[in-house]
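Q: Quick one: this structure, given as structure tokens, is what I'll be asking you about.
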Amino acid sequence: MEFSGTFELEETTVDEVWLALSDPALIEESLPGCQFLVEVDDTDVDFDELRDEAADREIEPTADPDVIAGRAFEEGGHYAALMQISVGPVNPTFETVVTIDHRDYPEMSAVGEGSSSNSSFEMASGMSLSETEDSVAVEWETEADVFGKVAQMGQRVVNPVANRVVKRFFSSVQEQLHERQLADAETSASADEEATESGRGLVDRVLGRSGSETNDS
């Protein structure tokens, strides 16, 4: 099965989108049905152990580039995810392991596989970012081989599910980008205010004025 499309994210930049889509914490938050997404040492994963660890794990959302860079996807890195997806009358939970096989701004691709009690899949996916007149276009494509009960439903059932998941994912990314921009604006305003007050204090010291004299003036 092959899936592809283009999603446009508004009022943002390629750099901001690249940073967001490189952040496992944001992907986990945005991906429908994703219970956790964590880096692992290799593709041999103990999902029972990861479930226990995920229950106690807390990740603070942040727009700080340094923090995101420290946890960003890495080329050659392995990542485990537990995902529940509703496909027709079934709701399989897939234990999924993905490997980032290429990551070079503004393009990224990955390969992976997942399995549930009655279905499994293998996939290869990629994306590239480009700037348009008033948005950022994310071109994405996925090629997947599906087996088991989900495969028996056919592409007519699977395609709408895949399109719905992708639409919800990018809508959530857009929302989180907007929240980050608001947080950055508030932080910048606070920093500017502190800098202004600090500058006034420096001027007062240079001129030999006390705080009370400044307030009286």
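The chains in the structure tokens are called A, B, ... from first to last as shown; in each chain the residues are counted from 1, and the ligands are counted from 1 in the order shown.
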Could you write out, as a ChimeraX atom specification, all the residues of range 37-201 of chain A that DSSP marks as strand (DSSP E or B)?
A: /A:37-40,78-84,87,90,93-104,107-115,119-131,135-148
Q: Residues of the last selection are to be written out with C-alpha atoms, as a PDB file, in the first residue's frame.
A:
```
ATOM      1  CA  LEU A  37       7.502   7.188  21.791  1.00  0.00           C
ATOM      2  CA  VAL A  38      10.987   6.652  23.218  1.00  0.00           C
ATOM      3  CA  GLU A  39      14.512   6.101  21.983  1.00  0.00           C
ATOM      4  CA  VAL A  40      15.835   2.552  22.387  1.00  0.00           C
ATOM      5  CA  HIS A  78      15.938   3.489  16.955  1.00  0.00           C
ATOM      6  CA  TYR A  79      12.609   4.528  18.480  1.00  0.00           C
ATOM      7  CA  ALA A  80       9.847   2.412  20.000  1.00  0.00           C
ATOM      8  CA  ALA A  81       6.199   3.422  19.994  1.00  0.00           C
ATOM      9  CA  LEU A  82       2.999   1.859  21.242  1.00  0.00           C
ATOM     10  CA  MET A  83       0.080   2.876  19.046  1.00  0.00           C
ATOM     11  CA  GLN A  84      -3.604   2.041  19.013  1.00  0.00           C
ATOM     12  CA  VAL A  87      -9.421   0.215  11.557  1.00  0.00           C
ATOM     13  CA  VAL A  90     -10.926  -3.709  15.063  1.00  0.00           C
ATOM     14  CA  THR A  93      -2.429  -1.881  19.438  1.00  0.00           C
ATOM     15  CA  PHE A  94       0.829  -2.015  17.515  1.00  0.00           C
ATOM     16  CA  GLU A  95       4.216  -2.467  19.156  1.00  0.00           C
ATOM     17  CA  THR A  96       6.297  -0.482  16.705  1.00  0.00           C
ATOM     18  CA  VAL A  97      10.020   0.074  16.210  1.00  0.00           C
ATOM     19  CA  VAL A  98      11.227   2.747  13.787  1.00  0.00           C
ATOM     20  CA  THR A  99      14.760   3.529  12.606  1.00  0.00           C
ATOM     21  CA  ILE A 100      15.677   6.955  11.231  1.00  0.00           C
ATOM     22  CA  ASP A 101      17.699   6.029   8.155  1.00  0.00           C
ATOM     23  CA  HIS A 102      18.168   9.555   6.773  1.00  0.00           C
ATOM     24  CA  ARG A 103      18.011  12.967   8.418  1.00  0.00           C
ATOM     25  CA  ASP A 104      19.401  15.932   6.536  1.00  0.00           C
ATOM     26  CA  GLU A 107      14.443  15.957   4.635  1.00  0.00           C
ATOM     27  CA  MET A 108      13.967  12.930   6.865  1.00  0.00           C
ATOM     28  CA  SER A 109      13.065   9.285   6.239  1.00  0.00           C
ATOM     29  CA  ALA A 110      12.534   6.194   8.347  1.00  0.00           C
ATOM     30  CA  VAL A 111      11.851   2.472   8.138  1.00  0.00           C
ATOM     31  CA  GLY A 112      10.003   0.395  10.678  1.00  0.00           C
ATOM     32  CA  GLU A 113       7.707  -2.442  11.556  1.00  0.00           C
ATOM     33  CA  GLY A 114       4.934  -3.089  14.013  1.00  0.00           C
ATOM     34  CA  SER A 115       2.849  -5.970  15.269  1.00  0.00           C
ATOM     35  CA  SER A 119      -1.946  -7.861  12.418  1.00  0.00           C
ATOM     36  CA  SER A 120       1.481  -6.558  11.474  1.00  0.00           C
ATOM     37  CA  PHE A 121       3.111  -4.152   9.053  1.00  0.00           C
ATOM     38  CA  GLU A 122       6.413  -3.074   7.552  1.00  0.00           C
ATOM     39  CA  MET A 123       6.855   0.441   6.282  1.00  0.00           C
ATOM     40  CA  ALA A 124       9.191   3.023   4.803  1.00  0.00           C
ATOM     41  CA  SER A 125       8.312   6.701   4.963  1.00  0.00           C
ATOM     42  CA  GLY A 126       9.816  10.060   4.177  1.00  0.00           C
ATOM     43  CA  MET A 127       9.112  13.766   4.282  1.00  0.00           C
ATOM     44  CA  SER A 128      10.563  16.991   2.933  1.00  0.00           C
ATOM     45  CA  LEU A 129       9.846  20.607   3.834  1.00  0.00           C
ATOM     46  CA  SER A 130       9.630  23.600   1.532  1.00  0.00           C
ATOM     47  CA  GLU A 131       8.587  27.196   2.002  1.00  0.00           C
ATOM     48  CA  SER A 135       3.114  28.584   4.730  1.00  0.00           C
ATOM     49  CA  VAL A 136       5.416  25.579   4.942  1.00  0.00           C
ATOM     50  CA  ALA A 137       4.585  22.580   2.767  1.00  0.00           C
ATOM     51  CA  VAL A 138       5.282  19.142   4.216  1.00  0.00           C
ATOM     52  CA  GLU A 139       5.441  16.548   1.450  1.00  0.00           C
ATOM     53  CA  TRP A 140       5.172  13.041   2.871  1.00  0.00           C
ATOM     54  CA  GLU A 141       4.982   9.525   1.524  1.00  0.00           C
ATOM     55  CA  THR A 142       4.694   6.069   3.044  1.00  0.00           C
ATOM     56  CA  GLU A 143       4.927   2.623   1.525  1.00  0.00           C
ATOM     57  CA  ALA A 144       3.577  -0.134   3.754  1.00  0.00           C
ATOM     58  CA  ASP A 145       3.081  -3.882   3.593  1.00  0.00           C
ATOM     59  CA  VAL A 146       0.228  -4.903   5.883  1.00  0.00           C
ATOM     60  CA  PHE A 147      -0.515  -8.432   7.060  1.00  0.00           C
ATOM     61  CA  GLY A 148      -3.192 -10.193   9.072  1.00  0.00           C
TER      62      GLY A 148
END
```
Q: Gly70 in chain A: which residues within 12 Å, counting only C-alpha atoms, same-chain residues fewer than 5 positions away excluded, as a list in words?
A: Leu19, Ser22, Asp23, Pro24, Ala25, Thr62, Asp64 and Pro65 of chain A
Q: Okay, now the selection with C-alpha atoms, as a PDB file, in the first residue's frame?
A:
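Result saved to result30.pdb:
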```
ATOM      1  CA  LEU A  19      12.515  21.615  14.885  1.00  0.00           C
ATOM      2  CA  SER A  22      12.492  16.465  15.028  1.00  0.00           C
ATOM      3  CA  ASP A  23      11.105  16.426  18.580  1.00  0.00           C
ATOM      4  CA  PRO A  24       9.944  12.962  19.759  1.00  0.00           C
ATOM      5  CA  ALA A  25       7.943  14.574  22.578  1.00  0.00           C
ATOM      6  CA  THR A  62       9.234  23.188  25.401  1.00  0.00           C
ATOM      7  CA  ASP A  64      13.773  25.726  23.648  1.00  0.00           C
ATOM      8  CA  PRO A  65      15.938  24.707  20.648  1.00  0.00           C
TER       9      PRO A  65
END
```
Q: Could you pull out the residues in range 13-186 of chain A that DSSP calls alpha helix (DSSP H) from the backbone, as JSON, numbers by chain?
A: {"A": [14, 15, 16, 17, 18, 19, 20, 21, 24, 25, 26, 27, 28, 29, 30, 47, 48, 49, 50, 51, 52, 53, 54, 55, 65, 66, 67, 68, 69, 70, 71, 149, 150, 151, 152, 153, 155, 156, 157, 158, 159, 160, 161, 162, 163, 164, 165, 166, 167, 168, 169, 170, 171, 172, 173, 174, 175, 176, 177, 178, 179, 180, 181, 182, 183, 184, 185, 186]}
Q: Considering only C-alpha atoms, can you say which of A:Ala151, A:Phe36, A:Phe73, A:Phe170 comes closest to Ile59 in chain A?
A: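 Among the listed residues, A:Phe36 lies closest to Ile59 in chain A.
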Q: Find, counting only C-alpha atoms, the residue in A:Leu182, A:Glu2, A:Leu9, A:Val150 that gets nearest to Pro89 in chain A.
A: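 Using only C-alpha atoms, Pro89 in chain A sits closest to A:Val150.
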Q: Which residue is closest to Ala185 in chain A? Choose from A:Leu31, A:Ala63, A:Met153, A:Val161 and count only C-alpha atoms.
A: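 For Ala185 in chain A, the nearest of the given residues is A:Ala63.
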Q: May I have the residues within 12 Å of Glu133 in chain A as a ChimeraX atom specification, using only C-alpha atoms and disregarding those fewer than 5 positions away in the same chain?
A: /A:8-14
Q: Which residues come within 7 Å of Ser30 in chain A, counting only C-alpha atoms, excluding same-chain residues fewer than 6 positions away, as number ranges by chain?
A: A: 169, 172-173
